[in-house]
file input.cif (mmCIF, C-alpha atoms and all ligand atoms)
data_run
#
loop_
_atom_site.label_atom_id
_atom_site.label_comp_id
_atom_site.auth_asym_id
_atom_site.auth_seq_id
_atom_site.Cartn_x
_atom_site.Cartn_y
_atom_site.Cartn_z
CA MET A 1 77.32 71.61 102.98
CA SER A 2 76.39 73.98 100.20
CA ARG A 3 76.57 77.67 100.67
CA SER A 4 73.88 79.94 99.39
CA VAL A 5 74.67 82.04 96.33
CA VAL A 6 76.44 85.20 97.40
CA ARG A 7 74.36 88.27 97.10
CA ARG A 8 76.24 91.44 97.81
CA ASN A 9 73.26 93.34 99.21
CA GLU A 10 75.44 96.17 100.44
CA MET A 11 76.44 96.82 96.82
CA MET A 12 72.87 97.60 95.83
CA GLY A 13 72.40 101.34 96.04
CA ALA A 14 76.01 101.98 97.13
CA THR A 15 78.04 104.43 95.08
CA LEU A 16 81.56 105.76 94.76
CA ASP A 17 82.08 109.40 93.94
CA LEU A 18 85.58 109.73 92.58
CA GLY A 19 85.07 113.02 90.80
CA GLY A 20 83.30 111.79 87.67
CA ALA A 21 79.85 110.31 87.19
CA PRO A 22 79.04 108.35 90.38
CA ILE A 23 80.05 104.70 90.10
CA GLU A 24 77.12 102.46 90.94
CA LEU A 25 78.41 99.51 92.90
CA ALA A 26 75.36 97.47 91.88
CA GLU A 27 77.34 96.96 88.68
CA TYR A 28 79.97 95.18 90.77
CA ALA A 29 77.57 93.03 92.81
CA THR A 30 78.42 89.85 90.95
CA THR A 31 82.18 90.35 90.78
CA GLY A 32 83.19 92.40 93.80
CA LEU A 33 85.53 95.34 93.41
CA LEU A 34 89.16 94.98 92.43
CA ALA A 35 90.56 98.44 91.88
CA ILE A 36 94.10 99.24 90.81
CA ALA A 37 95.69 102.69 90.76
CA ILE A 38 98.85 103.30 88.79
CA GLY A 39 100.83 106.51 88.87
CA PRO A 40 104.18 108.03 89.81
CA ARG A 41 105.15 109.36 93.24
CA GLY A 42 102.90 112.05 94.62
CA ASN A 43 100.25 111.44 92.00
CA GLY A 44 97.37 110.96 94.42
CA LYS A 45 97.10 107.16 94.48
CA THR A 46 96.98 106.95 98.26
CA ASN A 47 94.38 109.71 98.31
CA ALA A 48 92.28 107.74 95.83
CA GLY A 49 92.29 104.68 98.11
CA LEU A 50 91.49 106.75 101.19
CA LEU A 51 88.64 108.46 99.39
CA MET A 52 87.15 105.08 98.49
CA ALA A 53 87.72 103.76 102.01
CA GLU A 54 85.95 106.74 103.58
CA GLN A 55 83.01 106.47 101.21
CA LEU A 56 82.62 102.70 101.60
CA SER A 57 82.97 102.84 105.38
CA ARG A 58 79.99 105.18 105.42
CA GLN A 59 78.02 102.59 103.43
CA GLY A 60 78.55 99.48 105.53
CA TRP A 61 82.09 98.32 104.78
CA VAL A 62 84.92 98.01 107.26
CA SER A 63 87.95 99.48 105.53
CA VAL A 64 91.36 98.04 106.28
CA LEU A 65 94.29 100.20 105.21
CA VAL A 66 97.61 98.41 104.85
CA ASP A 67 100.16 101.14 105.40
CA PRO A 68 103.79 100.36 104.58
CA GLU A 69 105.01 103.93 105.10
CA GLY A 70 103.48 104.83 108.46
CA GLU A 71 101.64 107.76 106.91
CA LEU A 72 98.07 106.73 107.78
CA GLU A 73 98.10 106.42 111.58
CA SER A 74 98.08 110.18 111.97
CA LEU A 75 94.97 110.31 109.76
CA TYR A 76 92.89 107.35 110.97
CA GLY A 77 94.24 106.45 114.40
CA LYS A 78 96.74 103.97 115.77
CA ALA A 79 97.37 100.79 113.84
CA VAL A 80 96.11 97.50 115.29
CA SER A 81 98.76 95.94 117.52
CA ASP A 82 98.83 92.55 115.80
CA ALA A 83 96.87 90.12 113.63
CA GLN A 84 94.65 89.00 116.54
CA ALA A 85 93.65 92.59 117.14
CA LEU A 86 92.78 92.90 113.45
CA ALA A 87 90.70 89.71 113.64
CA ARG A 88 88.79 91.16 116.60
CA ARG A 89 88.08 94.41 114.75
CA LEU A 90 86.78 92.39 111.79
CA GLU A 91 84.58 90.30 114.04
CA LYS A 92 83.16 93.19 116.04
CA ARG A 93 83.10 95.66 113.14
CA ASP A 94 83.22 98.46 115.68
CA LYS A 95 85.71 100.66 113.82
CA PRO A 96 84.85 101.74 110.28
CA ILE A 97 88.50 102.30 109.29
CA VAL A 98 91.31 100.12 110.61
CA VAL A 99 95.00 100.83 109.97
CA VAL A 100 97.47 97.95 109.63
CA ALA A 101 101.16 98.84 109.85
CA ALA A 102 103.18 96.44 107.71
CA GLY A 103 106.48 97.58 106.29
CA ASP A 104 107.17 94.53 104.18
CA ALA A 105 105.82 91.19 103.00
CA THR A 106 107.03 89.38 106.13
CA GLU A 107 105.07 91.71 108.41
CA PHE A 108 102.06 91.50 106.14
CA ILE A 109 101.59 87.72 106.14
CA ALA A 110 99.91 87.29 109.53
CA TYR A 111 97.53 90.17 108.79
CA GLY A 112 96.82 88.74 105.37
CA ARG A 113 95.88 85.38 106.85
CA ALA A 114 93.66 87.05 109.44
CA LEU A 115 91.88 88.92 106.65
CA LEU A 116 91.32 85.77 104.59
CA GLU A 117 90.02 83.97 107.66
CA ALA A 118 87.70 86.81 108.68
CA ALA A 119 86.36 87.19 105.15
CA ASP A 120 85.76 83.46 105.00
CA VAL A 121 83.98 83.21 108.34
CA HIS A 122 81.97 86.45 108.49
CA ARG A 123 81.36 87.26 104.81
CA LYS A 124 80.60 90.87 105.69
CA PRO A 125 81.86 93.64 103.45
CA ILE A 126 85.51 94.55 103.86
CA PHE A 127 87.39 97.08 101.75
CA LEU A 128 91.08 96.35 101.78
CA MET A 129 93.54 98.94 100.57
CA ILE A 130 97.04 97.69 99.89
CA ASP A 131 99.10 100.81 99.39
CA GLU A 132 102.42 100.46 97.55
CA GLY A 133 101.42 97.07 96.16
CA GLN A 134 104.94 96.42 94.88
CA VAL A 135 106.10 96.10 98.50
CA PHE A 136 103.87 93.07 99.02
CA SER A 137 103.37 91.66 95.57
CA SER A 138 105.77 90.89 92.75
CA THR A 139 105.54 89.80 89.16
CA LYS A 140 106.48 86.21 89.92
CA LYS A 141 105.47 83.78 92.61
CA ARG A 142 108.56 83.23 94.72
CA LYS A 143 109.47 80.80 97.43
CA ASP A 144 109.95 83.35 100.20
CA ASP A 145 107.81 85.70 102.26
CA VAL A 146 107.10 87.85 99.23
CA GLY A 147 105.92 84.68 97.51
CA GLU A 148 103.54 83.95 100.35
CA ALA A 149 102.27 87.55 100.41
CA VAL A 150 101.71 87.37 96.63
CA ASP A 151 99.77 84.20 97.19
CA ILE A 152 97.55 85.74 99.87
CA ILE A 153 96.88 88.86 97.80
CA ASN A 154 96.06 86.78 94.75
CA GLN A 155 93.61 84.84 96.90
CA PHE A 156 91.97 88.13 97.89
CA ALA A 157 91.65 88.93 94.21
CA GLU A 158 90.47 85.54 93.07
CA ARG A 159 88.23 84.51 95.94
CA GLY A 160 87.24 87.88 97.38
CA ARG A 161 84.10 88.02 95.33
CA LYS A 162 82.34 85.30 97.30
CA ARG A 163 83.63 86.64 100.57
CA ALA A 164 82.56 90.26 100.26
CA LEU A 165 86.19 91.32 100.22
CA ASP A 166 86.83 94.29 97.95
CA LEU A 167 90.36 95.25 97.06
CA PHE A 168 92.32 98.36 96.10
CA VAL A 169 96.00 98.14 95.20
CA THR A 170 98.38 100.91 94.19
CA ALA A 171 101.57 100.56 92.15
CA HIS A 172 103.98 102.90 90.46
CA ARG A 173 104.01 101.16 87.14
CA TYR A 174 101.86 98.99 84.99
CA THR A 175 104.49 96.36 84.33
CA GLY A 176 107.16 94.77 86.49
CA SER A 177 105.62 95.73 89.82
CA ILE A 178 102.67 93.62 90.97
CA HIS A 179 101.47 90.14 90.05
CA ARG A 180 99.61 89.85 86.77
CA SER A 181 96.77 87.94 88.42
CA LEU A 182 95.73 91.29 89.89
CA PHE A 183 95.66 92.88 86.45
CA ALA A 184 93.79 89.88 85.07
CA ASN A 185 91.02 90.29 87.65
CA LYS A 186 90.84 94.07 88.01
CA ASN A 187 87.57 95.80 87.24
CA LEU A 188 88.22 99.43 88.21
CA THR A 189 91.46 100.97 87.00
CA LEU A 190 92.85 104.41 87.73
CA ILE A 191 95.75 105.50 85.57
CA GLY A 192 97.58 108.67 86.50
CA CYS A 193 100.22 110.73 84.74
CA GLN A 194 102.76 108.76 82.73
CA GLU A 195 106.17 110.34 82.23
CA ASP A 196 107.75 107.39 80.51
CA PRO A 197 106.85 106.89 76.84
CA THR A 198 108.12 103.30 76.98
CA ALA A 199 105.40 102.49 79.54
CA TRP A 200 102.87 103.36 76.90
CA ALA A 201 103.41 100.07 75.09
CA ALA A 202 101.90 98.17 78.01
CA LEU A 203 99.06 100.65 78.43
CA ALA A 204 98.11 101.27 74.82
CA PRO A 205 95.89 98.18 74.36
CA GLN A 206 93.51 99.44 77.07
CA PHE A 207 93.32 102.86 75.53
CA ARG A 208 92.97 101.72 71.95
CA ALA A 209 89.21 102.10 71.70
CA SER A 210 89.18 105.42 73.56
CA LYS A 211 91.32 107.67 71.33
CA ILE A 212 93.34 108.59 74.40
CA GLU A 213 97.03 108.91 73.60
CA PHE A 214 100.28 109.09 75.48
CA ASN A 215 100.18 112.89 75.45
CA ASP A 216 96.82 112.86 77.23
CA LEU A 217 98.25 110.62 79.94
CA ASN A 218 101.40 112.71 80.15
CA ALA A 219 99.35 115.86 80.75
CA LEU A 220 97.47 114.54 83.80
CA ALA A 221 97.95 116.64 86.96
CA PRO A 222 98.15 115.23 90.51
CA GLY A 223 94.73 113.92 91.51
CA GLU A 224 93.72 113.39 87.87
CA PHE A 225 93.22 109.88 86.52
CA PHE A 226 91.76 108.09 83.59
CA CYS A 227 89.24 105.79 85.23
CA PHE A 228 88.22 102.55 83.55
CA SER A 229 85.02 101.21 85.05
CA ARG A 230 82.13 99.07 83.85
CA ARG A 231 80.88 102.20 82.09
CA GLY A 232 84.00 102.74 80.00
CA VAL A 233 86.77 105.27 80.41
CA GLU A 234 86.44 108.73 81.89
CA LYS A 235 88.93 111.39 82.96
CA MET A 236 88.43 112.25 86.61
CA ARG A 237 89.68 114.97 88.88
CA MET A 238 89.50 113.31 92.23
CA PRO A 239 88.39 115.10 95.39
CA MET A 240 90.62 114.89 98.45
CA ALA A 241 89.78 112.31 101.11
CA ASP A 242 88.40 114.09 104.21
CA ALA A 243 91.23 113.05 106.52
CA LEU A 244 93.96 113.94 104.02
CA GLY A 245 92.30 117.21 103.00
CA HIS A 246 92.62 118.42 106.60
CA VAL A 247 96.39 118.05 106.66
CA ALA A 248 97.71 118.02 103.09
CA PRO A 249 97.73 120.90 100.63
CA LYS A 250 95.72 120.49 97.50
CA ALA A 251 98.18 120.01 94.65
CA LYS A 252 98.21 122.80 92.11
CA ALA A 253 97.98 121.83 88.48
CA VAL A 254 101.32 122.78 86.97
CA LYS A 255 101.02 124.69 83.75
CA ARG A 256 103.02 122.99 81.03
CA ALA A 257 106.10 125.12 80.39
CA LEU A 258 106.79 124.08 76.83
CA PRO A 259 104.92 125.60 73.91
CA SER A 260 103.15 123.05 71.78
CA THR A 261 101.97 124.84 68.62
CA PHE A 262 104.05 126.67 66.01
CA SER A 263 102.69 130.09 66.92
CA GLN A 264 103.37 129.46 70.62
CA TRP A 265 106.94 128.49 69.71
CA ASN A 266 107.30 131.50 67.50
CA ARG A 267 106.10 133.85 70.23
CA ALA A 268 108.32 132.20 72.82
CA MET A 269 111.34 132.58 70.52
CA MET A 270 110.59 136.24 69.84
CA GLU A 271 110.43 136.93 73.55
CA ILE A 272 114.09 135.98 73.92
CA SER A 273 116.17 139.18 73.78
CA ASP A 274 119.17 139.47 71.42
CA ASP A 275 121.74 139.46 74.20
CA ARG A 276 120.24 136.37 75.86
CA LEU A 277 120.17 134.64 72.51
CA ALA A 278 123.83 135.54 71.98
CA ALA A 279 124.68 134.06 75.38
CA LEU A 280 123.46 130.65 74.22
CA SER A 281 126.85 129.36 73.13
CA ASP A 282 127.31 125.75 72.08
CA ARG A 283 128.67 124.87 75.52
CA VAL A 284 125.75 126.50 77.33
CA VAL A 285 123.30 124.75 75.03
CA SER A 286 124.79 121.32 75.55
CA PHE A 287 124.99 121.93 79.30
CA LEU A 288 121.30 122.92 79.45
CA GLY A 289 120.39 119.98 77.23
CA ALA A 290 122.19 117.59 79.58
CA VAL A 291 120.46 119.07 82.63
CA ALA A 292 117.07 118.72 80.91
CA GLY A 293 117.92 115.17 79.85
CA LEU A 294 117.16 115.82 76.18
CA ALA A 295 117.57 113.07 73.61
CA PRO A 296 120.08 113.64 70.75
CA GLN A 297 117.17 114.13 68.37
CA GLN A 298 115.68 116.84 70.57
CA MET A 299 119.09 118.53 70.88
CA LEU A 300 119.48 118.53 67.12
CA SER A 301 116.14 120.15 66.43
CA GLY A 302 116.71 122.66 69.23
CA VAL A 303 120.09 123.67 67.83
CA ARG A 304 118.57 124.01 64.39
CA ALA A 305 115.77 126.24 65.73
CA LEU A 306 118.36 128.39 67.47
CA GLN A 307 120.36 128.77 64.25
CA ASP A 308 117.21 129.73 62.35
CA GLU A 309 116.34 132.35 64.92
CA ARG A 310 119.90 133.81 64.81
CA GLU A 311 119.83 134.01 61.04
CA ALA A 312 116.38 135.58 61.04
CA ARG A 313 117.60 138.34 63.33
CA GLN A 314 120.72 139.30 61.34
N1 LIG A 401 92.79 114.66 94.24
C1 LIG A 401 93.73 115.54 94.63
N2 LIG A 401 93.57 116.85 94.41
C2 LIG A 401 94.52 117.72 94.79
N3 LIG A 401 95.67 117.38 95.41
C3 LIG A 401 95.90 116.08 95.64
C4 LIG A 401 94.94 115.08 95.25
N4 LIG A 401 95.43 113.89 95.61
C5 LIG A 401 96.61 114.11 96.18
N5 LIG A 401 96.91 115.42 96.20
C6 LIG A 401 98.13 116.07 96.76
O1 LIG A 401 99.25 115.28 96.38
C7 LIG A 401 99.90 114.77 97.54
C8 LIG A 401 100.34 113.35 97.27
O2 LIG A 401 99.20 112.53 97.21
P1 LIG A 401 99.28 110.98 97.54
O3 LIG A 401 100.05 110.77 98.79
O4 LIG A 401 97.90 110.44 97.47
O5 LIG A 401 100.16 110.49 96.30
P2 LIG A 401 100.72 109.03 95.97
O6 LIG A 401 100.46 108.80 94.53
O7 LIG A 401 100.19 108.08 96.94
O8 LIG A 401 102.28 109.23 96.16
P3 LIG A 401 103.38 108.12 96.61
O9 LIG A 401 103.59 107.24 95.43
O10 LIG A 401 104.59 108.97 96.89
O11 LIG A 401 102.85 107.43 97.79
C9 LIG A 401 98.90 114.91 98.66
O12 LIG A 401 99.51 115.07 99.91
C10 LIG A 401 98.13 116.13 98.27
O13 LIG A 401 98.83 117.28 98.68
MG MG A 402 101.07 106.91 98.35
#
call {"tool": "encode", "arguments": {"input": "input.cif", "output": "structure tokens"}}
result
Amino acid sequence: MSRSVVRRNEMMGATLDLGGAPIELAEYATTGLLAIAIGPRGNGKTNAGLLMAEQLSRQGWVSVLVDPEGELESLYGKAVSDAQALARRLEKRDKPIVVVAAGDATEFIAYGRALLEAADVHRKPIFLMIDEGQVFSSTKKRKDDVGEAVDIINQFAERGRKRALDLFVTAHRYTGSIHRSLFANKNLTLIGCQEDPTAWAALAPQFRASKIEFNDLNALAPGEFFCFSRRGVEKMRMPMADALGHVAPKAKAVKRALPSTFSQWNRAMMEISDDRLAALSDRVVSFLGAVAGLAPQQMLSGVRALQDEREARQ
């Protein structure tokens, strides 16, 4: 039996509004959506997935939220009781957003199989959010439950296109967290603040054409992402998902505390009074440096700046 060519009709005219120019899903009709969000704790990755789920559920998708931390039931209702219950929801499509509670790969497997089966049989649009992807996926295929979960998730990524299964996965880091097959197939990428300069090596190739540098990534506030889509790369300040916006505070952008230009430094130095400057003994300086986690190079240049300032005031 031959199947007809998949046509993702629901994609035509559907859009995602993630805070930048609306993303036209027609551009994803031939590939399906495989979105990945990378960012540190509290960066707004979960919010990004919820925002997409809410928007897609209003446009014909059933969104399934895999919740390893038990944080989504209070927002979208009780989790399905088991994999059969999930299968029923996906058959009836009577709830636009379905929460799946799975704390680890072992708990995920039965739900994963039910999702593959439902996608295969019904071929109606499903948006699957796998929050904390590193809980269910790993960099290598292994011969345990994590291995099987990796396998299922990779099947979502590789075969989802023909089954109207769209995927969103979050992870803390770009390397060493989730299977590379996901990165190989991704077509919408959200990259949040990066604190770790060594992570830049893995990210830099993507950013090469865009003139975006580590400092730009480092300066992103919660809810801000660089978004790579079919259109190219754009910095986005993401709105809050409706359900989360009702209960969570909107994160405030933290103003960077450190001066970055010479005149800012100069002004900051001049604002330090003589007695406070005198109190900065070697021991105090090395203590503060240790607390701030400064590198030896940074300590050296700081100490030199302090000496200069002392001499200038004599
Ligand atoms: N777009 C946004 N605008 C403003 N505030 C936001 C935004 N997204 C998230 N926040 C705030 O940051 C908090 C953390 O967001 P979220 O839970 O989505 O982060 P996360 O990246 O999933 O963190 P974790 O890795 O710990 O799960 C939210 O509760 C909310 O207060
Ligand atoms: Mg989260």
call {"tool": "residues_near_ligand", "arguments": {"input": "input.cif", "ligand": "ligand LIG 401 (chain A)", "cutoff": "6 Å", "atoms": "all atoms listed in the file", "output": "list of chain:residue names"}}
result
A:Pro40, A:Arg41, A:Gly42, A:Asn43, A:Gly44, A:Lys45, A:Thr46, A:Asn47, A:Pro222, A:Gly223, A:Met238, A:Pro239, A:Met240, A:Ala248, A:Pro249, A:Lys250, A:Ala251
call {"tool": "residues_near_ligand", "arguments": {"input": "input.cif", "ligand": "ligand MG 402 (chain A)", "cutoff": "12 Å", "atoms": "all atoms listed in the file", "output": "PyMOL selection string"}}
result
chain A and resi 37-50+65-72+129-135+169-172+222-223+244
call {"tool": "residues_around", "arguments": {"input": "input.cif", "residues": "Arg163 (chain A)", "least_positions_apart": "4", "cutoff": "6 Å", "atoms": "all atoms listed in the file", "output": "ChimeraX atom specification"}}
result
/A:119-120,123
call {"tool": "residues_around", "arguments": {"input": "input.cif", "residues": "Tyr111 (chain A)", "least_positions_apart": "4", "cutoff": "10 Å", "atoms": "all atoms listed in the file", "output": "NGL selection string"}}
result
:A and (66 or 80 or 82-87 or 100-102 or 106-107 or 115-117 or 149 or 152)
call {"tool": "closest_residue", "arguments": {"input": "input.cif", "among": "A:Ser57, A:Asn266, A:Asn154, A:Asn185", "to": "Phe127 (chain A)", "atoms": "all atoms listed in the file"}}
result
A:Ser57
call {"tool": "atom_distance", "arguments": {"input": "input.cif", "atom1": "CA of Leu188 (chain A)", "atom2": "CA of Ala35 (chain A)"}}
result
4.5 Å
call {"tool": "build_atoms", "arguments": {"input": "input.cif", "residues": "region 178-194 of chain A", "atoms": "N, CA and C atoms", "output": "PDB file, in the frame of the given file"}}
result
ATOM      1  N   ILE A 178     103.529  94.524  90.190  1.00  0.00           N
ATOM      2  CA  ILE A 178     102.670  93.620  90.970  1.00  0.00           C
ATOM      3  C   ILE A 178     102.237  92.439  90.097  1.00  0.00           C
ATOM      4  N   HIS A 179     101.747  91.399  90.752  1.00  0.00           N
ATOM      5  CA  HIS A 179     101.470  90.140  90.050  1.00  0.00           C
ATOM      6  C   HIS A 179     100.366  90.295  89.003  1.00  0.00           C
ATOM      7  N   ARG A 180     100.551  89.633  87.873  1.00  0.00           N
ATOM      8  CA  ARG A 180      99.610  89.850  86.770  1.00  0.00           C
ATOM      9  C   ARG A 180      98.203  89.325  87.062  1.00  0.00           C
ATOM     10  N   SER A 181      98.101  88.426  88.035  1.00  0.00           N
ATOM     11  CA  SER A 181      96.770  87.940  88.420  1.00  0.00           C
ATOM     12  C   SER A 181      95.886  89.115  88.853  1.00  0.00           C
ATOM     13  N   LEU A 182      96.504  90.123  89.469  1.00  0.00           N
ATOM     14  CA  LEU A 182      95.730  91.290  89.890  1.00  0.00           C
ATOM     15  C   LEU A 182      95.212  92.038  88.665  1.00  0.00           C
ATOM     16  N   PHE A 183      96.087  92.194  87.669  1.00  0.00           N
ATOM     17  CA  PHE A 183      95.660  92.880  86.450  1.00  0.00           C
ATOM     18  C   PHE A 183      94.600  92.065  85.722  1.00  0.00           C
ATOM     19  N   ALA A 184      94.740  90.738  85.789  1.00  0.00           N
ATOM     20  CA  ALA A 184      93.790  89.880  85.070  1.00  0.00           C
ATOM     21  C   ALA A 184      92.395  89.990  85.671  1.00  0.00           C
ATOM     22  N   ASN A 185      92.324  90.275  86.975  1.00  0.00           N
ATOM     23  CA  ASN A 185      91.020  90.290  87.650  1.00  0.00           C
ATOM     24  C   ASN A 185      90.481  91.692  87.927  1.00  0.00           C
ATOM     25  N   LYS A 186      91.253  92.713  87.630  1.00  0.00           N
ATOM     26  CA  LYS A 186      90.840  94.070  88.010  1.00  0.00           C
ATOM     27  C   LYS A 186      89.570  94.480  87.266  1.00  0.00           C
ATOM     28  N   ASN A 187      88.766  95.317  87.927  1.00  0.00           N
ATOM     29  CA  ASN A 187      87.570  95.800  87.240  1.00  0.00           C
ATOM     30  C   ASN A 187      87.322  97.296  87.449  1.00  0.00           C
ATOM     31  N   LEU A 188      88.257  97.960  88.129  1.00  0.00           N
ATOM     32  CA  LEU A 188      88.220  99.430  88.210  1.00  0.00           C
ATOM     33  C   LEU A 188      89.677  99.877  88.186  1.00  0.00           C
ATOM     34  N   THR A 189      90.046 100.628  87.159  1.00  0.00           N
ATOM     35  CA  THR A 189      91.460 100.970  87.000  1.00  0.00           C
ATOM     36  C   THR A 189      91.621 102.477  86.952  1.00  0.00           C
ATOM     37  N   LEU A 190      92.541 102.982  87.753  1.00  0.00           N
ATOM     38  CA  LEU A 190      92.850 104.410  87.730  1.00  0.00           C
ATOM     39  C   LEU A 190      94.268 104.565  87.206  1.00  0.00           C
ATOM     40  N   ILE A 191      94.420 105.306  86.124  1.00  0.00           N
ATOM     41  CA  ILE A 191      95.750 105.500  85.570  1.00  0.00           C
ATOM     42  C   ILE A 191      96.103 106.972  85.594  1.00  0.00           C
ATOM     43  N   GLY A 192      97.145 107.291  86.351  1.00  0.00           N
ATOM     44  CA  GLY A 192      97.580 108.670  86.500  1.00  0.00           C
ATOM     45  C   GLY A 192      98.660 109.018  85.492  1.00  0.00           C
ATOM     46  N   CYS A 193      99.220 110.204  85.666  1.00  0.00           N
ATOM     47  CA  CYS A 193     100.220 110.730  84.740  1.00  0.00           C
ATOM     48  C   CYS A 193     101.311 109.716  84.403  1.00  0.00           C
ATOM     49  N   GLN A 194     101.643 109.603  83.152  1.00  0.00           N
ATOM     50  CA  GLN A 194     102.760 108.760  82.730  1.00  0.00           C
ATOM     51  C   GLN A 194     103.857 109.637  82.153  1.00  0.00           C
TER      52      GLN A 194
END
